[in-house]
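S.K.: Got a structure for you, questions after.
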Amino acid sequence: MLHFSKWKQLGILLTVLVAIIVALPNVLPAKYQDMLRPYGLKPMTLGLDLQGGVNILLEIDRDDLRKRLTEQLVGDMRSSLRESKIGYSGINRGPDGVRVRITKPEDVDKAVTELRKLAQPVDAGGLFGGATSAALFDVKVEGQQVNFIFNEQGIDSKIQQAVSQSIKIVEKRVNPDGVVEATIQQQGKDRIVVQLPGVQDSQEVKSRLDRTAKLTFQLLCEAQPTGQGQNPPPECKSLVMKDDPAQTMWVQTSSRATVDGADLTDARGAFDQNNQPVVSFRFNQKGAERFGKLTRDNVGKPFAIVLDDLIMSAPRINEPILGGSGQISGNFTVEETNSLAVVLRSGALPAKLTIVEERTVGPSLGSDSIEAGFNASVIGLVLVVIFMIIAYGLFGIFANIALLLNLIMLIAVMSFFGFTMTLPGIAAIVLTMGMAVDSNVIIFERMREEWRNGRSAMSAIETGFKSAFATIFDSNFTALIAAVVLFGVGSGPVKGFAIAHVVGILTTVFTAYTVTRYIVSLWVGWAKPKEVPL
């Protein structure tokens with residue numbers, strides 16, 4: 001147990017050396033930290049409670065989601081009935097769904113068959129991740145009237161999907177370059193928490209979150225308004241021009257006449273041939289094919305580039321646009337094009353997000369927390385060191401060396417993987433120090449027991465390490481299970497504690513058993529003791 005091959009010794013020394021190098025930026029001045037960042041060496045990421053920042057709580061707007069689903073259903077119902085050549089007298093929207101009356105009684109069965117296809121089943125996560133299917137609408141027939149009634153289970157499933165999609169989109173919007181250590185996670189069924197450590201001005205963040213950024217390319221209707229107050233014809237929608245709000249145009253709402261900007265793969269701020277700021281965009285293969293077909297089938301017709309229900313421009317299709325790329329102009333400033341490009345790259349939100357809580361944590365509060373946590377750690381470390389020396393003498397010094405290396409390795413792992421250190425995380429570090437020496441206490445007490453039972457010094461030391469391993473492993477493994485469960489079911493501060501605790505357990509097992517044993521083996525080889533100094 002006390003014999004280490006040269007390769008094992010080299011592995012232990014290299015591990016310790018790498019840990020010291022990786023943890024080093026945490027104690028260096030800021031200018032040296034910046035010099036080391038290109039080499040992948042950086043200090044620990046501090047959470048919102050340690051360095052201050054912005055905390056925003058968002059909520060999916062259920063009414064807005066219902067409105068969007070209703071609009072989509074109305075358009076699909078019209079297209080489906082017209083394609084099937086089924087007459088209908090009108091489509092009425094209500095708070096609980098959509099109703100349509102079929103003109104001829106003999107067409108009701110055929111209409112119901114076609115319309116049921118629009119019920120839109122949604123996959124929802126069942127128990128333990130099993131998929132369950134729920135329809136967005138229940139279809140009920142009353143004579144010649146077909147009713148699409150919202151299914152609450154389907155709406156809940158759609159909200160779950162919307163939350164998952166929104167988390168990814170929000171992350172791209174608030175952290176497009178990946179340089180801000182943002183924490184974005186779900187809270188409850190329909191809420192999202194956004195934490196941006198180090199950010200003090202929340203206005204820019206809120207402006208990006210508030211934008212819907214729904215981009216579409218829609219053909220204009222053949223008929224156009226000739227005056228104010230006119231209602232658009234069926235399958236048309238009235239929108240205003242961005243540059244001239246007094247001017248309205250009618251655009252087609254049919255899916256055949258629309259290409260959705262959801263298929264964009266890239267959007268960048270650029271300049272056109274007249275050196276005016278524009279947004280250049282590029283579609284993926286699916287979007288490029290749809291955009292190419294739309295322009296190829298409608299050469300000579302005008303179409304509108306619509307962003308958030310505002311017509312940016314309405315150019316005429318002079319020739320098919322088959323390359324899958326183009327530009328959006330609209331008297332933008334350079335800042336507007338860059339901001340718009342960020343939002344377009346992230347995609348449109350599936351539903352409106354409402355800010356229900358906004359909180360800014362000042363850096364002074366964070367610095368106070370750091371100081372308090374640092375003091376607590378130092379006091380705990382000093383008390384543990386004193387206790388180990390008093391209780392175990394020379395072996396207590398060995399344990400303290402391993403404890404210091406354990407702390408360095410924990411900081412190194414947190415820094416390397418970019419884990420966020422929070423105030424509860426500092427509490428986990430203090431707990432880890434206690435657990436680390438607890439493992440050494442088990443080993444030393446086992447040695448002391450074997451020595452008192454008449455074993456030789458070498459045999460007592462070796463037996464102490466060998467017999468204590470199972471106890472150390474079992475105790476740390478059960479603690480690891482608890483920490484993993486905390487991470488899985490917890491959120492916010494609980495996750496911060498769990499991450500630091502998991503890392504601390506892993507480094508504790510390595511240092512308390514391997515490093516301490518290696519230090520003792522070096523001492524045994526040098527001193528060749530006749531008795532155990534315990």
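Letters A, B, ... go to the chains of the structure tokens in the order shown; residues in each chain start at 1; ligands are counted from 1 in the same order.
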Neighbouring residues of region 503-505 of chain A were defined as those with any atom within 7 Å, considering only C-alpha atoms; residues of the same chain fewer than 4 positions away were excluded. Please report them as a ChimeraX atom specification.
M.R.: /A:410,429,432,476,480,499,509
S.K.: Report as a VMD selection string all protein, DNA and RNA residues lying within 12 Å of Ile397 (chain A), evaluated on only C-alpha atoms, omitting residues in the same chain fewer than 4 positions from it.
M.R.: chain A and resid 384 to 393 401 to 404 437 440 516 519 to 520 523 533 to 534
S.K.: Using only C-alpha atoms, pick whichever of A:Asn331, A:Ile56, A:Pro315, A:Ala341 has the shortest atom-to-atom distance to Thr265 (chain A).
M.R.: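 Closest to Thr265 (chain A), using only C-alpha atoms: A:Ala341.
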S.K.: Mind listing the helix (DSSP H, G or I) residues of region 65-275 of chain A, per DSSP on the backbone, as a ChimeraX atom specification?
M.R.: /A:65-83,105-118,127-129,152-174,203-210,255-257,261-263
S.K.: I need the residues from that last selection saved to file as a short mmCIF file (atom, residue, chain, number, x, y, z; two decimals), in the first residue's frame (with C-alpha atoms), if you can.
M.R.:
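Result file out.cif:
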data_model
loop_
_atom_site.label_atom_id
_atom_site.label_comp_id
_atom_site.auth_asym_id
_atom_site.auth_seq_id
_atom_site.Cartn_x
_atom_site.Cartn_y
_atom_site.Cartn_z
CA LEU A 65 -49.38 32.01 -26.68
CA ARG A 66 -53.10 31.29 -27.07
CA LYS A 67 -53.43 34.27 -29.43
CA ARG A 68 -50.59 33.05 -31.64
CA LEU A 69 -51.95 29.51 -31.74
CA THR A 70 -55.41 30.86 -32.62
CA GLU A 71 -54.07 32.99 -35.50
CA GLN A 72 -52.13 30.05 -36.87
CA LEU A 73 -55.17 27.77 -36.60
CA VAL A 74 -57.45 30.25 -38.40
CA GLY A 75 -55.07 30.49 -41.35
CA ASP A 76 -54.65 26.71 -41.52
CA MET A 77 -58.43 26.15 -41.36
CA ARG A 78 -59.06 28.51 -44.27
CA SER A 79 -56.36 26.90 -46.40
CA SER A 80 -57.52 23.36 -45.56
CA LEU A 81 -61.18 24.04 -46.36
CA ARG A 82 -60.37 25.85 -49.60
CA GLU A 83 -58.03 23.10 -50.77
CA PRO A 105 -74.65 19.57 -44.25
CA GLU A 106 -73.30 16.86 -46.55
CA ASP A 107 -69.77 18.37 -46.30
CA VAL A 108 -69.62 18.22 -42.49
CA ASP A 109 -68.07 14.75 -42.23
CA LYS A 110 -65.47 15.53 -44.86
CA ALA A 111 -64.69 18.86 -43.19
CA VAL A 112 -64.30 17.25 -39.76
CA THR A 113 -61.91 14.67 -41.20
CA GLU A 114 -59.73 17.39 -42.75
CA LEU A 115 -59.92 19.76 -39.79
CA ARG A 116 -59.01 17.11 -37.21
CA LYS A 117 -55.59 17.02 -38.81
CA LEU A 118 -55.05 20.56 -37.49
CA LEU A 127 -43.16 10.35 -15.91
CA PHE A 128 -39.38 9.80 -15.90
CA GLY A 129 -39.09 11.43 -19.30
CA GLU A 152 -55.45 22.76 -21.17
CA GLN A 153 -53.15 19.74 -21.06
CA GLY A 154 -52.04 20.54 -24.58
CA ILE A 155 -51.49 24.20 -23.65
CA ASP A 156 -49.37 23.14 -20.66
CA SER A 157 -47.31 20.93 -22.95
CA LYS A 158 -46.89 23.78 -25.40
CA ILE A 159 -45.75 26.05 -22.56
CA GLN A 160 -43.14 23.48 -21.56
CA GLN A 161 -41.86 23.51 -25.11
CA ALA A 162 -41.94 27.31 -25.17
CA VAL A 163 -39.91 27.52 -21.96
CA SER A 164 -37.25 25.14 -23.32
CA GLN A 165 -37.02 27.06 -26.60
CA SER A 166 -37.03 30.43 -24.85
CA ILE A 167 -34.13 29.48 -22.56
CA LYS A 168 -31.91 28.84 -25.60
CA ILE A 169 -33.07 32.01 -27.35
CA VAL A 170 -32.67 34.19 -24.25
CA GLU A 171 -29.14 32.87 -23.74
CA LYS A 172 -28.19 33.83 -27.30
CA ARG A 173 -29.74 37.26 -26.91
CA VAL A 174 -28.19 38.28 -23.58
CA GLN A 203 -31.73 48.41 -19.84
CA GLU A 204 -29.83 46.86 -22.75
CA VAL A 205 -30.62 43.39 -21.42
CA LYS A 206 -34.32 44.18 -21.16
CA SER A 207 -34.41 45.73 -24.63
CA ARG A 208 -33.08 42.51 -26.13
CA LEU A 209 -35.49 40.39 -24.13
CA ASP A 210 -38.51 42.54 -25.01
CA SER A 255 -48.55 29.74 -45.47
CA ARG A 256 -48.08 29.37 -49.25
CA ALA A 257 -47.36 33.09 -49.51
CA GLY A 261 -37.47 33.79 -40.70
CA ALA A 262 -37.11 30.86 -38.28
CA ASP A 263 -34.98 29.17 -40.96
#
S.K.: List the spatial neighbours of Arg282 (chain A) as a ChimeraX atom specification - criterion: any atom at most 8 Å away, only C-alpha atoms, same-chain residues fewer than 2 positions off excluded.
M.R.: /A:264-267,280,284,324-326
S.K.: Do you know which residues are at most 6 Å from region 93-101 of chain A counting only C-alpha atoms, after dropping those on the same chain fewer than 4 positions away, and could you put them as a ChimeraX atom specification?
M.R.: /A:88-89,144-150
S.K.: Since we have the selection now, will you write its residues out, keeping N, CA, C and O atoms, as an mmCIF file, in the first residue's frame?
M.R.:
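See part.cif below for the written result:
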data_model
loop_
_atom_site.group_PDB
_atom_site.id
_atom_site.type_symbol
_atom_site.label_atom_id
_atom_site.label_comp_id
_atom_site.auth_asym_id
_atom_site.auth_seq_id
_atom_site.Cartn_x
_atom_site.Cartn_y
_atom_site.Cartn_z
ATOM 1 N N TYR A 88 -67.657 27.369 -46.356
ATOM 2 C CA TYR A 88 -67.898 27.725 -44.955
ATOM 3 C C TYR A 88 -68.373 29.167 -44.905
ATOM 4 O O TYR A 88 -68.072 29.979 -45.770
ATOM 5 N N SER A 89 -69.151 29.481 -43.859
ATOM 6 C CA SER A 89 -69.772 30.799 -43.784
ATOM 7 C C SER A 89 -68.999 31.782 -42.917
ATOM 8 O O SER A 89 -69.303 32.962 -42.912
ATOM 9 N N GLN A 144 -73.826 21.731 -37.976
ATOM 10 C CA GLN A 144 -72.908 22.134 -39.048
ATOM 11 C C GLN A 144 -71.745 22.976 -38.525
ATOM 12 O O GLN A 144 -70.938 23.453 -39.303
ATOM 13 N N GLN A 145 -71.663 23.155 -37.223
ATOM 14 C CA GLN A 145 -70.595 23.961 -36.630
ATOM 15 C C GLN A 145 -69.510 23.057 -36.040
ATOM 16 O O GLN A 145 -69.810 22.146 -35.271
ATOM 17 N N VAL A 146 -68.267 23.338 -36.417
ATOM 18 C CA VAL A 146 -67.111 22.597 -35.909
ATOM 19 C C VAL A 146 -66.370 23.512 -34.933
ATOM 20 O O VAL A 146 -65.976 24.630 -35.292
ATOM 21 N N ASN A 147 -66.221 23.040 -33.710
ATOM 22 C CA ASN A 147 -65.586 23.836 -32.653
ATOM 23 C C ASN A 147 -64.204 23.284 -32.312
ATOM 24 O O ASN A 147 -64.059 22.082 -32.065
ATOM 25 N N PHE A 148 -63.225 24.157 -32.303
ATOM 26 C CA PHE A 148 -61.879 23.820 -31.822
ATOM 27 C C PHE A 148 -61.711 24.471 -30.447
ATOM 28 O O PHE A 148 -61.596 25.691 -30.349
ATOM 29 N N ILE A 149 -61.725 23.645 -29.401
ATOM 30 C CA ILE A 149 -61.656 24.148 -28.033
ATOM 31 C C ILE A 149 -60.255 23.856 -27.474
ATOM 32 O O ILE A 149 -59.741 22.732 -27.611
ATOM 33 N N PHE A 150 -59.644 24.853 -26.847
ATOM 34 C CA PHE A 150 -58.308 24.663 -26.279
ATOM 35 C C PHE A 150 -58.313 23.531 -25.255
ATOM 36 O O PHE A 150 -59.178 23.452 -24.376
#
S.K.: With only C-alpha atoms as the counted atoms, please give the residues lying no more than 6 Å from region 292-300 of chain A, apart from itself and same-chain residues fewer than 4 positions off, as an mmCIF file with C-alpha atoms, in the first residue's frame.
M.R.:
data_model
loop_
_atom_site.group_PDB
_atom_site.id
_atom_site.type_symbol
_atom_site.label_atom_id
_atom_site.label_comp_id
_atom_site.auth_asym_id
_atom_site.auth_seq_id
_atom_site.Cartn_x
_atom_site.Cartn_y
_atom_site.Cartn_z
ATOM 1 C CA ALA A 288 -33.388 28.695 -49.046
ATOM 2 C CA ILE A 317 -39.384 40.267 -57.261
ATOM 3 C CA ASN A 318 -37.494 40.895 -60.501
ATOM 4 C CA GLU A 319 -35.951 37.406 -60.662
ATOM 5 C CA PRO A 320 -35.813 34.252 -58.533
ATOM 6 C CA ILE A 321 -33.600 34.568 -55.440
ATOM 7 C CA LEU A 322 -32.029 31.128 -55.262
#
S.K.: What's the separation between CA of Met409 (chain A) and CA of Val532 (chain A), in Å to one decimal place?
M.R.: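 If I compute the distance from CA of Met409 (chain A) to CA of Val532 (chain A), I get 29.1 Å.
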S.K.: As an exercise, work out the distance from CA of Leu24 (chain A) to CA of Ala182 (chain A) in Å and give it to one decimal place.
M.R.: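 Distance reported for this atom pair: 23.6 Å.
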S.K.: With distances taken over only C-alpha atoms, which residue among A:Thr45, A:Thr514, A:Glu531, A:Asn274 lies nearest Leu13 (chain A)?
M.R.: A:Thr514
